[in-house]
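To be precise, the following lines are input38.csv, and they hold CSV, C-alpha atoms.
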```csv
chain,number,residue,atom,x,y,z
Y,77,MET,CA,-117.5,81.0,11.5
Y,78,THR,CA,-120.3,80.2,14.0
Y,79,GLU,CA,-121.8,83.2,15.8
Y,80,ILE,CA,-122.8,82.9,19.5
Y,81,VAL,CA,-124.9,85.6,21.0
Y,82,VAL,CA,-124.4,86.4,24.7
Y,83,GLY,CA,-127.4,88.1,26.2
Y,84,ILE,CA,-127.8,90.1,29.4
Y,85,ALA,CA,-126.8,88.1,32.5
Y,86,ASP,CA,-125.4,85.4,30.3
Y,87,MET,CA,-122.1,83.6,29.6
Y,88,LYS,CA,-120.9,81.4,26.8
Y,89,ILE,CA,-117.7,79.4,26.1
Y,90,GLY,CA,-116.3,78.0,22.9
Y,91,GLN,CA,-113.3,77.1,20.8
Y,92,GLY,CA,-111.8,77.7,17.4
Y,93,GLU,CA,-113.9,79.0,14.5
Y,94,GLN,CA,-116.5,80.8,16.7
Y,95,LEU,CA,-117.4,84.5,17.2
Y,96,ILE,CA,-119.0,85.4,20.6
Y,97,LYS,CA,-121.0,88.6,20.2
Y,98,THR,CA,-122.7,91.0,22.7
Y,99,SER,CA,-123.8,94.6,23.1
Y,100,LEU,CA,-123.1,96.6,26.2
Y,101,GLY,CA,-124.4,99.7,28.0
Y,102,SER,CA,-123.6,100.0,31.7
Y,103,CYS,CA,-123.0,96.2,31.8
Y,104,ILE,CA,-119.5,94.8,31.6
Y,105,ALA,CA,-118.2,92.0,29.4
Y,106,VAL,CA,-115.1,90.0,30.5
Y,107,CYS,CA,-113.5,88.0,27.7
Y,108,ILE,CA,-111.2,85.2,28.9
Y,109,TYR,CA,-109.0,83.3,26.5
Y,110,SER,CA,-106.4,80.6,26.2
Y,111,ARG,CA,-104.1,81.2,23.2
Y,112,GLU,CA,-102.7,77.7,23.5
Y,113,ILE,CA,-105.9,75.9,22.6
Y,114,ARG,CA,-107.8,78.8,21.1
Y,115,ALA,CA,-110.6,78.5,23.6
Y,116,GLY,CA,-112.4,81.2,25.6
Y,117,GLY,CA,-115.5,82.5,27.0
Y,118,MET,CA,-117.4,85.7,27.7
Y,119,ILE,CA,-119.6,86.8,30.5
Y,120,HIS,CA,-122.0,89.8,30.3
Y,121,PHE,CA,-122.9,90.8,33.8
Y,122,MET,CA,-125.1,93.6,35.2
Y,123,LEU,CA,-124.2,94.1,38.8
Y,124,PRO,CA,-121.0,93.8,40.8
Y,125,LYS,CA,-122.0,91.3,43.6
Y,126,MET,CA,-124.9,89.3,45.0
Y,127,ASP,CA,-126.2,90.4,48.3
Y,128,GLU,CA,-127.0,87.9,51.1
Y,129,THR,CA,-130.7,87.5,50.1
Y,130,THR,CA,-129.9,86.6,46.5
Y,131,VAL,CA,-127.2,84.1,47.6
Y,132,THR,CA,-130.0,82.1,49.3
Y,133,LYS,CA,-132.0,82.1,46.1
Y,134,VAL,CA,-129.1,80.7,44.1
Y,135,ASP,CA,-129.4,77.5,46.1
Y,136,LYS,CA,-133.0,77.2,44.9
Y,137,GLY,CA,-131.9,77.8,41.3
Y,138,ASN,CA,-133.8,81.1,41.0
Y,139,ILE,CA,-130.9,83.4,40.3
Y,140,LYS,CA,-128.7,83.7,37.3
Y,141,ILE,CA,-125.1,83.7,38.5
Y,142,ALA,CA,-124.1,85.5,35.3
Y,143,LYS,CA,-126.1,88.5,36.4
Y,144,TYR,CA,-123.3,89.3,38.9
Y,145,GLY,CA,-119.6,89.9,38.4
Y,146,HIS,CA,-119.0,88.0,41.6
Y,147,PRO,CA,-119.5,85.0,41.4
Y,148,GLY,CA,-120.2,85.1,37.6
Y,149,ILE,CA,-116.6,85.6,36.5
Y,150,LEU,CA,-115.4,82.8,38.8
Y,151,GLU,CA,-118.0,80.5,37.3
Y,152,LEU,CA,-116.8,81.4,33.8
Y,153,ILE,CA,-113.2,80.6,34.8
Y,154,HIS,CA,-114.5,77.3,36.3
Y,155,GLN,CA,-116.3,76.3,33.1
Y,156,LEU,CA,-113.2,77.0,31.0
Y,157,GLN,CA,-111.1,75.0,33.5
Y,158,THR,CA,-113.5,72.1,33.5
Y,159,LYS,CA,-114.3,71.9,29.8
Y,160,PHE,CA,-110.8,72.5,28.4
Y,161,LYS,CA,-108.7,71.3,31.3
Y,162,LEU,CA,-107.1,74.8,31.7
Y,163,LYS,CA,-105.3,76.4,34.6
Y,164,ASN,CA,-105.5,80.1,35.5
Y,165,ASN,CA,-102.0,80.8,34.3
Y,166,ASP,CA,-103.1,79.6,30.8
Y,167,LEU,CA,-105.7,82.4,30.7
Y,168,THR,CA,-105.7,86.1,29.8
Y,169,ALA,CA,-108.6,88.6,30.0
Y,170,LYS,CA,-110.0,91.7,28.4
Y,171,ILE,CA,-112.6,94.0,29.8
Y,172,PHE,CA,-115.2,96.1,28.0
Y,173,GLY,CA,-118.3,98.2,28.7
Y,174,GLY,CA,-119.4,100.1,31.8
Y,175,ALA,CA,-120.8,103.2,30.0
Y,176,LYS,CA,-122.9,105.7,31.7
Y,177,MET,CA,-125.5,106.1,29.0
Y,178,LEU,CA,-128.2,108.1,30.7
Y,179,LYS,CA,-126.7,111.4,31.8
Y,180,ASN,CA,-129.5,112.1,34.3
Y,181,VAL,CA,-128.9,108.8,36.2
Y,182,SER,CA,-126.5,109.3,39.1
Y,183,SER,CA,-125.6,105.6,39.5
Y,184,GLU,CA,-122.0,104.6,38.9
Y,185,ILE,CA,-122.9,101.0,38.2
Y,186,GLY,CA,-120.5,100.8,35.3
Y,187,LEU,CA,-117.5,101.8,37.4
Y,188,HIS,CA,-118.4,99.4,40.2
Y,189,ASN,CA,-118.8,96.6,37.6
Y,190,GLU,CA,-115.3,97.3,36.2
Y,191,LYS,CA,-113.8,97.5,39.6
Y,192,ILE,CA,-115.1,94.0,40.7
Y,193,ALA,CA,-113.9,92.5,37.4
Y,194,ARG,CA,-110.4,93.8,37.9
Y,195,GLU,CA,-110.4,92.6,41.6
Y,196,ILE,CA,-111.5,89.1,40.7
Y,197,LEU,CA,-109.0,88.7,37.8
Y,198,HIS,CA,-106.2,90.1,40.0
Y,199,ASN,CA,-107.1,87.6,42.8
Y,200,GLU,CA,-107.2,84.7,40.3
Y,201,LYS,CA,-103.8,85.9,38.8
Y,202,ILE,CA,-105.3,86.2,35.3
Y,203,LYS,CA,-103.5,88.9,33.4
Y,204,ILE,CA,-105.6,91.7,31.9
Y,205,LEU,CA,-104.3,92.4,28.4
Y,206,ALA,CA,-106.7,95.1,27.4
Y,207,THR,CA,-109.6,97.2,28.6
Y,208,LYS,CA,-112.0,99.7,26.9
Y,209,THR,CA,-114.5,101.0,29.4
Y,210,GLY,CA,-116.5,104.0,30.4
Y,211,GLY,CA,-117.9,106.9,28.3
Y,212,GLU,CA,-121.5,107.6,27.5
Y,213,LYS,CA,-122.1,105.4,24.5
Y,214,GLY,CA,-122.8,101.7,24.1
Y,215,TYR,CA,-120.4,99.1,22.8
Y,216,LYS,CA,-120.6,96.3,20.3
Y,217,ILE,CA,-118.2,93.4,21.0
Y,218,ASP,CA,-117.2,90.5,18.8
Y,219,PHE,CA,-114.7,88.1,20.4
Y,220,ASP,CA,-113.0,85.9,17.8
Y,221,LEU,CA,-112.0,82.6,19.5
Y,222,ASN,CA,-109.8,81.6,16.6
Y,223,SER,CA,-107.4,84.5,17.1
Y,224,GLY,CA,-108.3,85.9,20.6
Y,225,ILE,CA,-108.9,89.3,19.0
Y,226,VAL,CA,-111.8,91.3,20.4
Y,227,TYR,CA,-113.4,93.8,17.9
Y,228,CYS,CA,-114.9,96.6,19.8
Y,229,GLN,CA,-117.1,99.4,18.4
Y,230,VAL,CA,-118.2,102.3,20.5
Y,231,PHE,CA,-121.4,103.8,19.0
Y,232,GLY,CA,-120.4,106.4,16.4
Y,233,ASP,CA,-116.8,105.4,16.3
Y,234,LYS,CA,-114.7,103.0,14.2
Y,235,VAL,CA,-114.2,99.4,15.1
Y,236,GLU,CA,-111.0,98.9,17.2
Y,237,GLN,CA,-109.1,95.6,17.7
Y,238,PHE,CA,-107.9,94.5,21.2
W,247,MET,CA,-154.6,75.4,34.6
W,248,ASN,CA,-153.0,76.2,38.0
W,249,ASP,CA,-153.4,79.4,40.0
W,250,SER,CA,-150.1,80.8,38.8
W,251,GLU,CA,-150.9,80.3,35.1
W,252,GLN,CA,-154.4,81.7,35.7
W,253,SER,CA,-152.9,84.8,37.3
W,254,LYS,CA,-150.4,85.2,34.4
W,255,ASN,CA,-153.2,84.8,31.8
W,256,ASN,CA,-155.3,87.4,33.6
W,257,LEU,CA,-152.4,89.8,33.8
W,258,ASN,CA,-151.6,89.4,30.1
W,259,LYS,CA,-155.3,89.9,29.2
W,260,THR,CA,-155.6,93.0,31.3
W,261,VAL,CA,-152.4,94.5,29.9
W,262,ARG,CA,-153.4,93.7,26.3
W,263,ILE,CA,-156.9,95.3,26.6
W,264,ILE,CA,-155.8,98.4,28.3
W,265,THR,CA,-152.7,98.9,26.2
W,266,GLN,CA,-154.7,98.5,23.0
W,267,MET,CA,-157.2,101.1,24.2
W,268,GLY,CA,-154.3,103.4,25.0
W,269,LEU,CA,-152.7,102.8,21.6
W,270,ASN,CA,-156.0,103.5,19.8
W,271,MET,CA,-156.2,106.8,21.6
W,272,ALA,CA,-152.5,107.5,20.8
W,273,SER,CA,-153.1,106.6,17.1
W,274,VAL,CA,-155.8,109.3,16.8
W,275,LEU,CA,-153.8,112.0,18.5
W,276,PHE,CA,-150.7,111.2,16.5
W,277,SER,CA,-152.6,111.0,13.2
W,278,LYS,CA,-153.9,114.5,13.9
W,279,LEU,CA,-150.4,115.8,14.7
W,280,ILE,CA,-148.8,114.5,11.5
W,281,LYS,CA,-151.9,114.7,9.3
W,282,THR,CA,-151.2,111.1,8.2
W,283,ASP,CA,-153.0,107.9,9.1
W,284,ALA,CA,-151.1,106.2,11.9
W,285,ASN,CA,-151.9,102.6,12.8
W,286,ILE,CA,-150.5,101.2,16.1
W,287,TYR,CA,-151.2,97.6,17.0
W,288,ILE,CA,-150.0,95.1,19.6
W,289,ASP,CA,-147.8,92.5,18.0
W,290,LYS,CA,-147.3,90.2,21.0
W,291,ILE,CA,-147.4,90.0,24.8
W,292,TYR,CA,-144.9,87.5,26.2
W,293,ASN,CA,-142.8,86.6,29.2
W,294,GLU,CA,-139.2,86.3,28.3
W,295,ASP,CA,-136.0,85.3,30.1
W,296,ILE,CA,-133.7,88.3,30.5
W,297,SER,CA,-130.7,86.5,28.8
W,298,ILE,CA,-132.6,86.0,25.5
W,299,VAL,CA,-134.9,89.0,25.6
W,300,GLY,CA,-132.7,91.1,23.4
W,301,ASN,CA,-131.5,88.4,21.1
W,302,ASP,CA,-133.8,89.3,18.2
W,303,ILE,CA,-132.6,92.9,18.6
W,304,GLU,CA,-129.0,91.7,18.9
W,305,THR,CA,-129.1,90.0,15.5
W,306,ASN,CA,-130.8,93.0,13.9
W,307,ASN,CA,-128.8,95.7,15.6
W,308,LYS,CA,-129.7,99.1,14.0
W,309,GLU,CA,-128.9,102.7,14.8
W,310,VAL,CA,-132.1,104.1,16.4
W,311,ILE,CA,-133.5,107.0,18.3
W,312,ALA,CA,-135.5,106.2,21.3
W,313,ALA,CA,-137.7,107.9,23.9
W,314,MET,CA,-137.8,106.2,27.3
W,315,VAL,CA,-140.6,107.1,29.7
W,316,ASP,CA,-141.1,105.8,33.2
W,317,LEU,CA,-144.8,105.5,34.2
W,318,VAL,CA,-144.8,106.2,37.9
W,319,GLY,CA,-147.6,105.4,40.3
W,320,ASP,CA,-149.7,102.5,41.6
W,321,ALA,CA,-148.6,100.1,38.9
W,322,PRO,CA,-145.2,101.4,37.6
W,323,MET,CA,-144.2,100.5,34.1
W,324,LYS,CA,-141.6,101.4,31.6
W,325,PHE,CA,-142.4,102.7,28.1
W,326,LEU,CA,-140.0,102.7,25.1
W,327,PHE,CA,-140.6,104.1,21.6
W,328,MET,CA,-137.8,103.2,19.2
W,329,VAL,CA,-137.4,104.3,15.6
W,330,PRO,CA,-134.6,103.8,13.1
W,331,LEU,CA,-132.6,106.9,12.4
W,332,ASP,CA,-133.8,107.3,8.8
W,333,ASP,CA,-137.4,107.0,9.9
W,334,ALA,CA,-136.9,109.5,12.7
W,335,LEU,CA,-135.9,112.0,10.0
W,336,LYS,CA,-139.1,111.3,8.1
W,337,ILE,CA,-141.3,111.6,11.2
W,338,THR,CA,-139.7,115.0,11.9
W,339,ASP,CA,-140.6,116.2,8.4
W,340,LEU,CA,-144.2,115.0,9.0
W,341,ILE,CA,-144.5,116.8,12.3
W,342,LEU,CA,-143.0,120.0,11.0
W,343,GLY,CA,-145.2,119.8,7.9
W,344,LYS,CA,-142.2,119.6,5.6
W,345,LYS,CA,-141.7,117.5,2.4
W,346,LEU,CA,-140.4,114.1,3.2
W,347,GLY,CA,-136.6,114.0,2.8
W,348,THR,CA,-136.1,117.6,3.9
W,349,THR,CA,-134.5,116.7,7.3
W,350,LYS,CA,-131.1,115.1,6.5
W,351,ASN,CA,-129.4,114.8,9.9
W,352,PHE,CA,-130.1,114.1,13.5
W,353,ASP,CA,-130.6,117.5,15.2
W,354,ILE,CA,-132.6,119.2,18.0
W,355,TYR,CA,-135.8,119.0,15.9
W,356,VAL,CA,-135.5,115.2,15.4
W,357,GLU,CA,-134.7,114.8,19.1
W,358,SER,CA,-137.8,117.0,20.0
W,359,SER,CA,-140.0,115.1,17.6
W,360,VAL,CA,-139.1,111.7,19.1
W,361,GLN,CA,-139.5,113.1,22.6
W,362,GLU,CA,-143.0,114.5,21.7
W,363,ILE,CA,-144.1,111.1,20.3
W,364,GLY,CA,-142.9,109.4,23.4
W,365,ASN,CA,-144.8,111.9,25.5
W,366,ILE,CA,-148.0,111.4,23.5
W,367,MET,CA,-147.9,107.6,23.5
W,368,ALA,CA,-147.0,107.2,27.2
W,369,SER,CA,-149.6,109.8,28.2
W,370,ALA,CA,-152.3,108.1,26.2
W,371,ILE,CA,-151.6,104.7,27.7
W,372,SER,CA,-151.4,106.1,31.3
W,373,ASN,CA,-154.7,108.0,30.8
W,374,VAL,CA,-156.4,104.7,29.9
W,375,PHE,CA,-155.0,103.0,33.0
W,376,VAL,CA,-156.1,105.9,35.2
W,377,THR,CA,-159.7,106.2,33.7
W,378,THR,CA,-160.4,102.5,33.2
W,379,CYS,CA,-158.7,100.9,36.1
W,380,LYS,CA,-158.8,103.8,38.6
W,381,ILE,CA,-155.1,103.5,39.4
W,382,LYS,CA,-152.7,106.4,39.7
W,383,LEU,CA,-150.1,106.5,36.9
W,384,LEU,CA,-148.1,109.5,35.7
W,385,PRO,CA,-145.5,109.6,32.8
W,386,SER,CA,-142.1,111.1,33.6
W,387,PRO,CA,-140.5,113.4,31.0
W,388,PRO,CA,-139.2,111.3,28.1
W,389,VAL,CA,-135.4,110.7,27.9
W,390,VAL,CA,-134.2,110.6,24.3
W,391,VAL,CA,-131.3,108.4,23.4
W,392,LYS,CA,-129.4,107.7,20.2
W,393,ASN,CA,-127.6,104.4,20.0
W,394,TYR,CA,-127.7,100.8,18.8
W,395,SER,CA,-131.2,99.2,19.3
W,396,SER,CA,-129.9,96.3,21.4
W,397,ILE,CA,-128.0,98.7,23.8
W,398,ILE,CA,-131.0,100.9,24.3
W,399,PHE,CA,-133.2,97.9,24.9
W,400,GLN,CA,-130.7,96.7,27.5
W,401,GLU,CA,-130.6,99.9,29.4
W,402,TYR,CA,-134.4,100.1,29.2
W,403,THR,CA,-134.8,96.7,30.8
W,404,PHE,CA,-131.9,97.0,33.2
W,405,ASP,CA,-133.9,97.9,36.3
W,406,LEU,CA,-136.4,95.1,35.7
W,407,ALA,CA,-133.7,92.6,35.0
W,408,THR,CA,-132.0,93.3,38.3
W,409,GLU,CA,-135.3,92.4,40.1
W,410,SER,CA,-136.4,89.3,38.1
W,411,ASN,CA,-135.0,86.8,35.6
W,412,GLU,CA,-138.2,86.9,33.5
W,413,ILE,CA,-140.0,90.0,32.3
W,414,LEU,CA,-143.4,90.7,30.8
W,415,ILE,CA,-143.1,92.5,27.5
W,416,VAL,CA,-145.8,94.2,25.4
W,417,GLU,CA,-144.4,94.7,21.9
W,418,SER,CA,-146.4,96.9,19.5
W,419,HIS,CA,-145.7,98.1,16.0
W,420,PHE,CA,-146.4,101.5,14.6
W,421,ASP,CA,-147.0,101.9,10.8
W,422,LEU,CA,-147.5,105.2,9.1
W,423,SER,CA,-149.4,104.6,5.8
W,424,ALA,CA,-147.6,105.5,2.6
W,425,THR,CA,-144.4,106.5,4.2
W,426,GLY,CA,-142.8,103.1,4.9
W,427,ILE,CA,-142.1,104.2,8.5
W,428,ASN,CA,-142.1,101.4,11.0
W,429,CYS,CA,-141.4,101.9,14.6
W,430,ILE,CA,-141.6,99.7,17.7
W,431,LEU,CA,-143.2,100.4,21.1
W,432,PHE,CA,-142.5,98.4,24.2
W,433,LEU,CA,-144.4,98.5,27.5
W,434,LEU,CA,-142.9,96.6,30.5
W,435,PRO,CA,-144.9,96.4,33.7
W,436,CYS,CA,-142.5,96.4,36.7
W,437,LEU,CA,-142.5,93.5,39.1
W,438,GLU,CA,-144.6,95.3,41.8
W,439,SER,CA,-147.3,96.2,39.2
W,440,LYS,CA,-148.1,92.6,38.3
W,441,LYS,CA,-150.2,92.1,41.5
W,442,VAL,CA,-152.1,95.3,40.9
W,443,LEU,CA,-152.8,94.6,37.3
W,444,SER,CA,-153.8,91.0,37.9
W,445,SER,CA,-156.4,92.1,40.4
W,446,ILE,CA,-158.2,94.4,37.9
W,447,GLU,CA,-161.6,92.9,37.0
W,448,GLY,CA,-164.5,93.7,34.7
W,449,LEU,CA,-162.6,94.3,31.5
```
Using structure tokens, write down the structure from this file.
Amino acid sequence: MTEIVVGIADMKIGQGEQLIKTSLGSCIAVCIYSREIRAGGMIHFMLPKMDETTVTKVDKGNIKIAKYGHPGILELIHQLQTKFKLKNNDLTAKIFGGAKMLKNVSSEIGLHNEKIAREILHNEKIKILATKTGGEKGYKIDFDLNSGIVYCQVFGDKVEQF
Amino acid sequence: MNDSEQSKNNLNKTVRIITQMGLNMASVLFSKLIKTDANIYIDKIYNEDISIVGNDIETNNKEVIAAMVDLVGDAPMKFLFMVPLDDALKITDLILGKKLGTTKNFDIYVESSVQEIGNIMASAISNVFVTTCKIKLLPSPPVVVKNYSSIIFQEYTFDLATESNEILIVESHFDLSATGINCILFLLPCLESKKVLSSIEGL
């Protein structure tokens, strides 16, 4: 099985015998999958939304769309639709991450990231099949594109299947 | 070479020289603390895209203890000391003057030892910046975290990655002779520091 690593502010798509891997702290990973054709993709985003100044930079090619939940998740859906000729009702989603790892940091970035992911998927009418979010420990995520199963390990815990 | 490349080279050279001076000082202080020869050297200085910056760590994802320190002042930077759990236990034995292998589990002593190393290293580096470059730089109290290396690295680079798609990384290694202990230190100048550091002359 081929392994594909998704870094920070990154997204990858694939099909069949492939495993998409990432690690998460306060970032969120959204895994989108089509059981019919065993294809899917993952985005690992850092921040909920672009602000107006960063939107301008996108036009100049300076900003990574995958850094932001919006429009990053929409771009992932678009890539899956374009490459595999899929429609939104062919797709399902799973959401992971959003931990608050540093206790002395007051930011609730993980919560905001999860909220935007849920909003976008709801608006796009993509069903959320599973979520594992929050806490104070990091996550290791392996997304098996052959089965659609996501193997999630929270630091110090056993691997769970979603 | 254009102005942008010239500026980048000057920045990398400045950071390399000052960081190595700081690490030399830190090596001496740390060797005294543990009564063992500690050798800290800069492995590489590089600009990396945020999406691939942690990929080496991702594929070699270990359980580590880390001390994160923010260097606050005229040229803010982020400092990270990361050590695999097994090696953190050995370092604790060295600091406490115990026989290697005495400390078996992560506890308050291990946490304090890693915190102390983070403090020594970050202070040594900031001292060199202050005395050599005449810029104000103060280390914040180290935050100790136990987690997977890739996740710690991600949280450590988070602020910088929100500001820029490319970050400057100083990666250093830390060997303790005859113990097999190998740790990693990272120093990341923040975006606003690059201008200040690029303008430093006479090194």
query: Neighbours of W:Lys254 within 10 Å (all atoms listed in the file; same-chain residues fewer than 5 positions away dropped), as a PyMOL selection string?
result: chain W and resi 249+259-260+293+414+440-441+444
statement: In terms of all atoms listed in the file, the residue from Y:Ile108, Y:Met118, Y:Ala206, Y:Ile185 at minimal distance from Y:Leu162 is Y:Ile108
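In this structure, atom CA of Y:Leu95 sits 4.7 Å away from atom CA of Y:Asp220.
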Shell of 9 Å around W:Ser395, all atoms listed in the file, local chain residues under 2 positions omitted, as a PyMOL selection string: chain W and resi 303-304+306-312+328-330+392-393+397-400
message: Using all atoms listed in the file, I'd like every residue of chain Y that has an atom within 7 Å of chain W; please write them out as a PyMOL selection string.
response: chain Y and resi 83-86+99-101+214+231
For those residues, write C-alpha atoms to a file as a PDB file, in the coordinates of the input.
```pdb
ATOM      1  CA  GLY Y  83    -127.400  88.100  26.200  1.00  0.00           C
ATOM      2  CA  ILE Y  84    -127.800  90.100  29.400  1.00  0.00           C
ATOM      3  CA  ALA Y  85    -126.800  88.100  32.500  1.00  0.00           C
ATOM      4  CA  ASP Y  86    -125.400  85.400  30.300  1.00  0.00           C
ATOM      5  CA  SER Y  99    -123.800  94.600  23.100  1.00  0.00           C
ATOM      6  CA  LEU Y 100    -123.100  96.600  26.200  1.00  0.00           C
ATOM      7  CA  GLY Y 101    -124.400  99.700  28.000  1.00  0.00           C
ATOM      8  CA  GLY Y 214    -122.800 101.700  24.100  1.00  0.00           C
ATOM      9  CA  PHE Y 231    -121.400 103.800  19.000  1.00  0.00           C
TER      10      PHE Y 231
END
```
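Picture a line from atom CA of Y:Cys103 to atom CA of Y:Gly174; it runs 5.3 Å.
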task: Could you jot down the atom CA of W:Asp316 to atom CA of Y:Gln229 separation for me, Å, one decimal place?
output: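 Those two atoms sit 28.9 Å apart.
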query: For W:Asp339, which residue among W:Ser372, W:Thr377, W:Asn285, W:Ser358 is the nearest when counting all atoms listed in the file?
result: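 Of the candidates, the smallest distance to W:Asp339 is held by W:Ser358.
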field: Cut-off 12 Å around (-132.6, 116.1, 1.7) with all atoms listed in the file: residues as a list in words
entry: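 It turns out the residues near that spot are Asp332, Leu335, Lys336, Asp339, Lys344, Lys345, Leu346, Gly347, Thr348, Thr349, Lys350 and Asn351 of chain W.
Between W:Thr265 and the candidates W:Phe327, W:Tyr292, W:Phe352, W:Tyr287, the tightest atom-to-atom separation, counting all atoms listed in the file, involves W:Tyr287.
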